[in-house]
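Here is query_28.cif, consisting of mmCIF, C-alpha atoms and all ligand atoms:
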data_input
#
loop_
_atom_site.group_PDB
_atom_site.id
_atom_site.type_symbol
_atom_site.label_atom_id
_atom_site.label_comp_id
_atom_site.auth_asym_id
_atom_site.auth_seq_id
_atom_site.Cartn_x
_atom_site.Cartn_y
_atom_site.Cartn_z
ATOM 1 C CA MET O 750 -26.983 -35.128 11.933
ATOM 2 C CA LYS O 751 -23.789 -35.320 14.018
ATOM 3 C CA ASN O 752 -23.010 -38.437 16.060
ATOM 4 C CA ILE O 753 -22.247 -37.426 19.647
ATOM 5 C CA VAL O 754 -20.284 -39.915 21.751
ATOM 6 C CA VAL O 755 -20.221 -39.125 25.470
ATOM 7 C CA LEU O 756 -17.372 -40.410 27.665
ATOM 8 C CA VAL O 757 -18.130 -40.775 31.386
ATOM 9 C CA SER O 758 -16.650 -42.219 34.565
ATOM 10 C CA GLY O 759 -19.172 -41.620 37.337
ATOM 11 C CA GLY O 760 -22.601 -40.328 38.240
ATOM 12 C CA GLY O 761 -23.289 -38.732 34.899
ATOM 13 C CA THR O 762 -25.319 -35.681 35.886
ATOM 14 C CA ASN O 763 -23.838 -33.791 32.931
ATOM 15 C CA LEU O 764 -24.798 -36.712 30.679
ATOM 16 C CA GLN O 765 -28.317 -36.406 32.113
ATOM 17 C CA ALA O 766 -28.350 -32.695 31.275
ATOM 18 C CA LEU O 767 -27.407 -33.586 27.683
ATOM 19 C CA ILE O 768 -30.111 -36.269 27.482
ATOM 20 C CA ASP O 769 -32.729 -33.867 28.905
ATOM 21 C CA ALA O 770 -31.699 -31.145 26.448
ATOM 22 C CA GLN O 771 -31.913 -33.651 23.589
ATOM 23 C CA GLN O 772 -35.420 -34.662 24.688
ATOM 24 C CA ARG O 773 -36.473 -31.013 24.758
ATOM 25 C CA GLY O 774 -35.189 -30.653 21.188
ATOM 26 C CA GLU O 775 -32.397 -28.312 22.262
ATOM 27 C CA ILE O 776 -29.514 -30.215 20.651
ATOM 28 C CA GLU O 777 -29.917 -29.048 17.100
ATOM 29 C CA ASN O 778 -28.449 -31.242 14.358
ATOM 30 C CA GLY O 779 -26.944 -33.821 16.722
ATOM 31 C CA ARG O 780 -27.895 -36.874 18.755
ATOM 32 C CA ILE O 781 -26.182 -38.921 21.439
ATOM 33 C CA THR O 782 -25.390 -42.193 19.692
ATOM 34 C CA CYS O 783 -23.200 -43.859 22.318
ATOM 35 C CA VAL O 784 -22.030 -43.537 25.923
ATOM 36 C CA ILE O 785 -18.657 -45.008 26.875
ATOM 37 C CA SER O 786 -17.710 -45.477 30.531
ATOM 38 C CA SER O 787 -14.205 -45.963 31.901
ATOM 39 C CA LYS O 788 -15.732 -47.793 34.879
ATOM 40 C CA GLU O 789 -17.998 -50.800 35.299
ATOM 41 C CA GLY O 790 -21.048 -49.919 37.358
ATOM 42 C CA ALA O 791 -20.905 -46.146 36.777
ATOM 43 C CA TYR O 792 -24.391 -44.725 37.330
ATOM 44 C CA ALA O 793 -24.041 -42.843 34.041
ATOM 45 C CA LEU O 794 -24.435 -46.229 32.287
ATOM 46 C CA GLU O 795 -27.819 -46.675 33.934
ATOM 47 C CA ARG O 796 -28.883 -43.228 32.746
ATOM 48 C CA ALA O 797 -27.944 -44.175 29.167
ATOM 49 C CA ARG O 798 -29.771 -47.505 29.348
ATOM 50 C CA ARG O 799 -32.912 -45.877 30.738
ATOM 51 C CA HIS O 800 -33.041 -43.628 27.700
ATOM 52 C CA GLY O 801 -32.260 -46.361 25.183
ATOM 53 C CA ILE O 802 -28.828 -44.995 24.341
ATOM 54 C CA PRO O 803 -26.250 -47.673 23.464
ATOM 55 C CA ALA O 804 -23.655 -47.862 26.241
ATOM 56 C CA ARG O 805 -20.355 -49.646 26.495
ATOM 57 C CA VAL O 806 -17.637 -50.030 29.097
ATOM 58 C CA ILE O 807 -13.971 -49.644 28.238
ATOM 59 C CA ALA O 808 -12.494 -50.177 31.686
ATOM 60 C CA ARG O 809 -9.335 -48.299 32.628
ATOM 61 C CA LYS O 810 -8.836 -50.801 35.430
ATOM 62 C CA GLY O 811 -6.976 -53.786 34.115
ATOM 63 C CA CYS O 812 -5.675 -51.928 31.064
ATOM 64 C CA PRO O 813 -1.847 -51.973 31.123
ATOM 65 C CA ASP O 814 -1.078 -48.317 30.407
ATOM 66 C CA ARG O 815 -2.369 -45.003 29.074
ATOM 67 C CA GLY O 816 -1.239 -45.751 25.523
ATOM 68 C CA GLU O 817 -3.125 -49.033 25.296
ATOM 69 C CA TYR O 818 -6.200 -47.464 26.898
ATOM 70 C CA SER O 819 -6.113 -44.538 24.468
ATOM 71 C CA GLN O 820 -5.892 -46.980 21.554
ATOM 72 C CA ARG O 821 -8.985 -48.842 22.800
ATOM 73 C CA ILE O 822 -10.878 -45.559 23.063
ATOM 74 C CA LEU O 823 -9.722 -44.508 19.582
ATOM 75 C CA ASP O 824 -10.889 -47.824 18.101
ATOM 76 C CA ALA O 825 -14.300 -47.400 19.741
ATOM 77 C CA LEU O 826 -14.671 -43.800 18.552
ATOM 78 C CA ARG O 827 -13.957 -44.912 14.982
ATOM 79 C CA GLU O 828 -16.442 -47.790 15.261
ATOM 80 C CA GLU O 829 -19.063 -45.373 16.544
ATOM 81 C CA LYS O 830 -18.330 -42.896 13.724
ATOM 82 C CA ALA O 831 -18.069 -40.084 16.268
ATOM 83 C CA ASP O 832 -18.360 -36.522 14.980
ATOM 84 C CA LEU O 833 -18.224 -34.969 18.447
ATOM 85 C CA ILE O 834 -16.764 -36.526 21.582
ATOM 86 C CA VAL O 835 -17.887 -35.099 24.919
ATOM 87 C CA LEU O 836 -15.759 -35.688 28.020
ATOM 88 C CA SER O 837 -18.528 -35.479 30.595
ATOM 89 C CA GLY O 838 -16.988 -36.233 33.962
ATOM 90 C CA PHE O 839 -14.478 -38.533 32.239
ATOM 91 C CA MET O 840 -11.666 -38.990 34.742
ATOM 92 C CA VAL O 841 -8.975 -40.555 32.556
ATOM 93 C CA ILE O 842 -6.293 -38.522 30.794
ATOM 94 C CA LEU O 843 -5.870 -39.886 27.254
ATOM 95 C CA ASP O 844 -2.648 -39.617 25.268
ATOM 96 C CA GLU O 845 -2.092 -37.021 22.556
ATOM 97 C CA ARG O 846 -3.022 -39.373 19.694
ATOM 98 C CA VAL O 847 -6.697 -39.021 20.609
ATOM 99 C CA ALA O 848 -6.633 -35.205 20.562
ATOM 100 C CA LYS O 849 -4.675 -35.270 17.279
ATOM 101 C CA ALA O 850 -7.143 -37.694 15.664
ATOM 102 C CA TYR O 851 -10.077 -35.404 16.553
ATOM 103 C CA PRO O 852 -8.839 -31.786 16.472
ATOM 104 C CA ASN O 853 -11.454 -29.407 17.912
ATOM 105 C CA GLN O 854 -13.941 -32.269 18.018
ATOM 106 C CA ILE O 855 -13.438 -33.274 21.654
ATOM 107 C CA MET O 856 -15.230 -31.140 24.210
ATOM 108 C CA ASN O 857 -14.519 -31.193 27.948
ATOM 109 C CA ILE O 858 -16.450 -29.717 30.854
ATOM 110 C CA HIS O 859 -14.263 -28.488 33.711
ATOM 111 C CA PRO O 860 -15.694 -27.256 37.038
ATOM 112 C CA ALA O 861 -13.614 -24.052 37.363
ATOM 113 C CA LEU O 862 -12.609 -20.964 35.432
ATOM 114 C CA ILE O 863 -9.715 -22.194 33.265
ATOM 115 C CA PRO O 864 -6.788 -21.294 33.322
ATOM 116 C CA ALA O 865 -7.259 -21.381 37.128
ATOM 117 C CA PHE O 866 -7.656 -24.622 39.087
ATOM 118 C CA CYS O 867 -7.015 -26.958 36.187
ATOM 119 C CA GLY O 868 -4.487 -29.486 34.908
ATOM 120 C CA PRO O 869 -3.436 -32.875 36.282
ATOM 121 C CA GLY O 870 -4.914 -33.580 39.736
ATOM 122 C CA PHE O 871 -7.697 -31.003 39.382
ATOM 123 C CA TYR O 872 -10.821 -33.068 38.935
ATOM 124 C CA GLY O 873 -14.173 -33.463 40.661
ATOM 125 C CA LEU O 874 -14.347 -32.330 44.298
ATOM 126 C CA HIS O 875 -10.571 -31.633 44.409
ATOM 127 C CA VAL O 876 -11.173 -28.594 42.215
ATOM 128 C CA HIS O 877 -13.701 -27.112 44.647
ATOM 129 C CA GLU O 878 -11.478 -27.890 47.647
ATOM 130 C CA ALA O 879 -8.637 -25.964 45.983
ATOM 131 C CA VAL O 880 -10.964 -23.064 45.146
ATOM 132 C CA LEU O 881 -12.089 -22.795 48.795
ATOM 133 C CA GLN O 882 -8.526 -23.053 50.128
ATOM 134 C CA SER O 883 -7.340 -20.264 47.824
ATOM 135 C CA GLY O 884 -9.960 -17.770 48.994
ATOM 136 C CA VAL O 885 -11.005 -16.635 45.489
ATOM 137 C CA LYS O 886 -14.404 -14.961 45.473
ATOM 138 C CA LEU O 887 -15.588 -16.175 42.087
ATOM 139 C CA THR O 888 -15.515 -19.634 40.577
ATOM 140 C CA GLY O 889 -17.218 -21.186 37.606
ATOM 141 C CA ALA O 890 -17.242 -23.739 34.847
ATOM 142 C CA THR O 891 -15.562 -23.972 31.453
ATOM 143 C CA VAL O 892 -16.409 -25.893 28.308
ATOM 144 C CA HIS O 893 -13.368 -26.190 26.050
ATOM 145 C CA PHE O 894 -11.952 -28.246 23.236
ATOM 146 C CA ALA O 895 -9.418 -30.822 24.383
ATOM 147 C CA ASN O 896 -5.940 -30.703 22.907
ATOM 148 C CA GLU O 897 -2.722 -32.488 23.914
ATOM 149 C CA VAL O 898 -2.361 -30.316 27.050
ATOM 150 C CA CYS O 899 -4.589 -31.357 29.980
ATOM 151 C CA ASP O 900 -7.363 -28.689 30.264
ATOM 152 C CA GLY O 901 -5.401 -26.595 27.759
ATOM 153 C CA GLY O 902 -7.503 -26.370 24.583
ATOM 154 C CA PRO O 903 -9.555 -23.467 23.177
ATOM 155 C CA ILE O 904 -12.233 -22.177 25.558
ATOM 156 C CA ILE O 905 -15.778 -22.280 24.143
ATOM 157 C CA LEU O 906 -18.078 -21.127 26.975
ATOM 158 C CA GLN O 907 -17.564 -20.040 30.577
ATOM 159 C CA GLY O 908 -19.792 -18.950 33.424
ATOM 160 C CA ALA O 909 -19.058 -17.619 36.908
ATOM 161 C CA ILE O 910 -20.771 -17.661 40.309
ATOM 162 C CA PRO O 911 -19.731 -16.193 43.691
ATOM 163 C CA VAL O 912 -18.117 -18.338 46.364
ATOM 164 C CA GLU O 913 -20.194 -17.896 49.528
ATOM 165 C CA ASN O 914 -19.233 -17.838 53.211
ATOM 166 C CA GLY O 915 -19.851 -21.285 54.624
ATOM 167 C CA ASP O 916 -19.481 -23.098 51.305
ATOM 168 C CA THR O 917 -18.135 -26.643 51.489
ATOM 169 C CA PRO O 918 -16.638 -28.423 48.476
ATOM 170 C CA GLU O 919 -19.959 -30.264 48.156
ATOM 171 C CA THR O 920 -22.215 -27.162 48.237
ATOM 172 C CA LEU O 921 -19.949 -25.356 45.797
ATOM 173 C CA GLN O 922 -19.850 -28.341 43.441
ATOM 174 C CA ARG O 923 -23.638 -28.543 43.480
ATOM 175 C CA ARG O 924 -24.115 -24.841 42.657
ATOM 176 C CA VAL O 925 -21.488 -24.926 39.901
ATOM 177 C CA MET O 926 -23.245 -27.934 38.382
ATOM 178 C CA GLU O 927 -26.822 -26.667 38.719
ATOM 179 C CA GLN O 928 -26.234 -23.062 37.740
ATOM 180 C CA LEU O 929 -23.493 -23.527 35.151
ATOM 181 C CA GLU O 930 -22.380 -26.981 33.976
ATOM 182 C CA TRP O 931 -25.799 -28.441 33.195
ATOM 183 C CA LYS O 932 -26.599 -25.387 31.043
ATOM 184 C CA LEU O 933 -23.246 -24.634 29.426
ATOM 185 C CA LEU O 934 -22.491 -28.167 28.218
ATOM 186 C CA PRO O 935 -25.734 -28.782 26.260
ATOM 187 C CA LYS O 936 -25.477 -25.269 24.820
ATOM 188 C CA ALA O 937 -21.898 -25.827 23.628
ATOM 189 C CA VAL O 938 -22.817 -29.218 22.140
ATOM 190 C CA SER O 939 -25.735 -27.710 20.228
ATOM 191 C CA LEU O 940 -23.577 -24.825 18.965
ATOM 192 C CA PHE O 941 -20.977 -27.330 17.744
ATOM 193 C CA CYS O 942 -23.547 -29.476 15.932
ATOM 194 C CA GLN O 943 -24.846 -26.371 14.156
ATOM 195 C CA GLY O 944 -21.333 -25.400 13.039
ATOM 196 C CA LYS O 945 -21.409 -22.220 15.121
ATOM 197 C CA ILE O 946 -17.985 -22.602 16.772
ATOM 198 C CA LYS O 947 -14.872 -21.649 14.815
ATOM 199 C CA VAL O 948 -11.298 -22.003 16.038
ATOM 200 C CA GLU O 949 -8.667 -19.642 14.651
ATOM 201 C CA ASP O 950 -5.119 -19.290 15.978
ATOM 202 C CA GLY O 951 -6.003 -21.422 19.014
ATOM 203 C CA VAL O 952 -8.982 -19.256 19.965
ATOM 204 C CA ALA O 953 -12.578 -20.529 19.761
ATOM 205 C CA ARG O 954 -15.255 -18.054 18.722
ATOM 206 C CA VAL O 955 -18.979 -18.656 18.951
ATOM 207 C CA TYR O 956 -21.238 -17.289 16.180
ATOM 208 C CA GLU O 957 -24.834 -17.393 17.463
HETATM 209 C C1 LIG F 1001 -18.384 -32.508 36.954
HETATM 210 O O1 LIG F 1001 -18.382 -31.491 37.926
HETATM 211 C C2 LIG F 1001 -17.335 -32.223 35.897
HETATM 212 O O2 LIG F 1001 -17.208 -30.876 35.600
HETATM 213 C C3 LIG F 1001 -16.105 -32.737 36.579
HETATM 214 O O3 LIG F 1001 -16.504 -33.906 37.243
HETATM 215 C C4 LIG F 1001 -17.902 -33.828 37.560
HETATM 216 C C5 LIG F 1001 -18.591 -35.030 36.959
HETATM 217 O O4 LIG F 1001 -19.920 -35.102 37.372
HETATM 218 N N1 LIG F 1001 -15.051 -32.983 35.633
HETATM 219 C C6 LIG F 1001 -13.758 -32.834 35.920
HETATM 220 O O5 LIG F 1001 -13.345 -32.522 37.016
HETATM 221 C C7 LIG F 1001 -12.810 -33.093 34.761
HETATM 222 N N2 LIG F 1001 -11.514 -32.556 35.034
HETATM 223 P P1 LIG F 1001 -21.014 -35.953 36.569
HETATM 224 O O6 LIG F 1001 -20.460 -37.364 36.367
HETATM 225 O O7 LIG F 1001 -22.190 -35.953 37.505
HETATM 226 O O8 LIG F 1001 -21.299 -35.267 35.262
#

What is this structure when it is put down as C-alpha cells?
Amino acid sequence: MKNIVVLVSGGGTNLQALIDAQQRGEIENGRITCVISSKEGAYALERARRHGIPARVIARKGCPDRGEYSQRILDALREEKADLIVLSGFMVILDERVAKAYPNQIMNIHPALIPAFCGPGFYGLHVHEAVLQSGVKLTGATVHFANEVCDGGPIILQGAIPVENGDTPETLQRRVMEQLEWKLLPKAVSLFCQGKIKVEDGVARVYE
C-alpha cells in the first residue's frame, strides 16, 4: 500500500475529489496518509480533519526563503514515509532538491493544457484569465510529474473542454475542475499506486 501525501494551499476541492475516490474504493493500492498545507486556515485542512486524515501546516509565511521552506517540506515528506506526493492546488514553488529526492513521485495538477498557459505566475484563476484573453477555443487540465522546471515534467493525463462565449475566469475554472480535474487527478493517483505509469526518456506512458 503506497503512502500518499497531499500538499495543499487553499480550498482543497481536488483533495476532496481524492478523498471521495478513496472512499469509493477507486484508489487502488494507495491511501492518503497525510495532508500538508502551506497556509494556516486553508479549508483543505478542514476537509482532511473531517475525514480523519492527519493534517499538518508548514507555513510558507514566516519562512525565510524557498530553500529553507523546501527543506522543511523534505523533512516532513521523509517523516511521513511518502511514496507519492500530490501537489493539489499547492501554490508554492519548491526548489530542485525536492524534485530530485522524489523523481517521478511528485504529481501536480495544472488547470490548462501544458505546455500552454503554464510556468511561473500561471496558477489558479490567473490561468483561466490568460486563456480567455488569448482567445483559444479549447482549454483543459494536465496531471504531470514535477521535475526541476516549473510545470515542466512528464505529462501523465490530459483532458480538454471548449471555451464558451460568455465564459468568465470563474465559470471556466469551475467547468475545468468539475469536468476534468476532479476526475483526472484521482485516476492518475490510482494508476501510479498500481505501478501503471512508466517514464522513459522523459515521456510518461500509461499502461491500463
Ligand atoms: C486547481 O484548479 C488547480 O488545478 C490549480 O489551483 C486550483 C486549486 O483548487 N493549481 C494550480 O494552478 C497550480 N499551478 P483546489 O484547492 O480547490 O483543489

Report as an MDAnalysis selection string the full result of the PyMOL selection byres (((not hetatm)) within 8 of (chain F and resi 1001)) when it is applied to this structure.
chainID O and resid 757:765 793 836:840 857:861 867:868 871:876 890 900 922 925:926 930

Top pick for closest residue to Ser883 of chain O, considering O:Ile781, O:Val754, O:Val912, O:Ile807 and counting only C-alpha atoms:
O:Val912

Show which residues sit within 10 Å of Gly816 of chain O, as a short mmCIF file (atom, residue, chain, number, x, y, z; two decimals) with C-alpha atoms, in the frame of the given file. Count all atoms listed in the file, and ignore same-chain residues fewer than 5 positions away.
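Saved result, around.cif, follows:
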data_model
loop_
_atom_site.label_atom_id
_atom_site.label_comp_id
_atom_site.auth_asym_id
_atom_site.auth_seq_id
_atom_site.Cartn_x
_atom_site.Cartn_y
_atom_site.Cartn_z
CA ARG O 821 -8.98 -48.84 22.80
CA ILE O 822 -10.88 -45.56 23.06
CA LEU O 843 -5.87 -39.89 27.25
CA ASP O 844 -2.65 -39.62 25.27
CA GLU O 845 -2.09 -37.02 22.56
CA ARG O 846 -3.02 -39.37 19.69
CA VAL O 847 -6.70 -39.02 20.61
#

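The residues returned by the PyMOL selection byres (((chain O and resi 805) around 10) and not hetatm) on the shown structure are Leu756, Cys783, Val784, Ile785, Ser786, Ser787, Lys788, Glu789, Leu794, Ala797, Ile802, Pro803, Ala804, Val806, Ile807, Ala808 and Ala825 of chain O.
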
Contacts of His893 of chain O at 7 Å or less, counting only C-alpha atoms, minus same-chain residues fewer than 4 places along, as a PDB file with C-alpha atoms, keeping the file's coordinate frame?
ATOM      1  CA  MET O 856     -15.230 -31.140  24.210  1.00  0.00           C
ATOM      2  CA  ASN O 857     -14.519 -31.193  27.948  1.00  0.00           C
ATOM      3  CA  ILE O 858     -16.450 -29.717  30.854  1.00  0.00           C
ATOM      4  CA  GLY O 902      -7.503 -26.370  24.583  1.00  0.00           C
ATOM      5  CA  PRO O 903      -9.555 -23.467  23.177  1.00  0.00           C
ATOM      6  CA  ILE O 904     -12.233 -22.177  25.558  1.00  0.00           C
ATOM      7  CA  ILE O 905     -15.778 -22.280  24.143  1.00  0.00           C
ATOM      8  CA  LEU O 906     -18.078 -21.127  26.975  1.00  0.00           C
TER       9      LEU O 906
END

Please determine, counting all atoms listed in the file, which residue among O:Ala848, O:Leu833, O:Ile910, O:Ile946 has the shortest atom-to-atom distance to Gln820 of chain O.
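Between O:Ala848, O:Leu833, O:Ile910, O:Ile946, the residue approaching Gln820 of chain O most closely is O:Ala848.
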
Would you mind telling me which residue in O:Glu957, O:Asn853, O:Asp814, O:Arg799 lies nearest to Lys945 of chain O when using only C-alpha atoms?
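Smallest separation from Lys945 of chain O among the options: O:Glu957.
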
On this file, the PyMOL selection byres (((chain O and resi 884) around 12) and not hetatm) gives some set of residues; write that set as number ranges by chain.
O: 877-883, 885-888, 911-916

For the residues in the current selection, export C-alpha atoms as a PDB file, keeping the file's coordinate frame.
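The new file out_31.pdb reads:
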ATOM      1  CA  HIS O 877     -13.701 -27.112  44.647  1.00  0.00           C
ATOM      2  CA  GLU O 878     -11.478 -27.890  47.647  1.00  0.00           C
ATOM      3  CA  ALA O 879      -8.637 -25.964  45.983  1.00  0.00           C
ATOM      4  CA  VAL O 880     -10.964 -23.064  45.146  1.00  0.00           C
ATOM      5  CA  LEU O 881     -12.089 -22.795  48.795  1.00  0.00           C
ATOM      6  CA  GLN O 882      -8.526 -23.053  50.128  1.00  0.00           C
ATOM      7  CA  SER O 883      -7.340 -20.264  47.824  1.00  0.00           C
ATOM      8  CA  VAL O 885     -11.005 -16.635  45.489  1.00  0.00           C
ATOM      9  CA  LYS O 886     -14.404 -14.961  45.473  1.00  0.00           C
ATOM     10  CA  LEU O 887     -15.588 -16.175  42.087  1.00  0.00           C
ATOM     11  CA  THR O 888     -15.515 -19.634  40.577  1.00  0.00           C
ATOM     12  CA  PRO O 911     -19.731 -16.193  43.691  1.00  0.00           C
ATOM     13  CA  VAL O 912     -18.117 -18.338  46.364  1.00  0.00           C
ATOM     14  CA  GLU O 913     -20.194 -17.896  49.528  1.00  0.00           C
ATOM     15  CA  ASN O 914     -19.233 -17.838  53.211  1.00  0.00           C
ATOM     16  CA  GLY O 915     -19.851 -21.285  54.624  1.00  0.00           C
ATOM     17  CA  ASP O 916     -19.481 -23.098  51.305  1.00  0.00           C
TER      18      ASP O 916
END

Residue among O:Leu767, O:Arg954, O:Ile855, O:Lys936 lying closest to Leu826 of chain O, counting only C-alpha atoms
O:Ile855

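Closest approach to Phe894 of chain O from the set O:Ala850, O:Ala766, O:Ile834, O:Ile753 is made by O:Ile834, with distances taken over all atoms listed in the file.
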
Any chance you could work out the axis-aligned box around segment 757-766 of chain O, listed atoms only, 8 Å on each side, giving centre and edge lengths in Å to one decimal, as JSON?
{"center_x": -22.5, "center_y": -37.5, "center_z": 34.5, "size_x": 27.7, "size_y": 25.5, "size_z": 23.6}

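A straight line drawn from atom CA of Leu929 of chain O to atom CA of Gln907 of chain O is 8.3 Å long.
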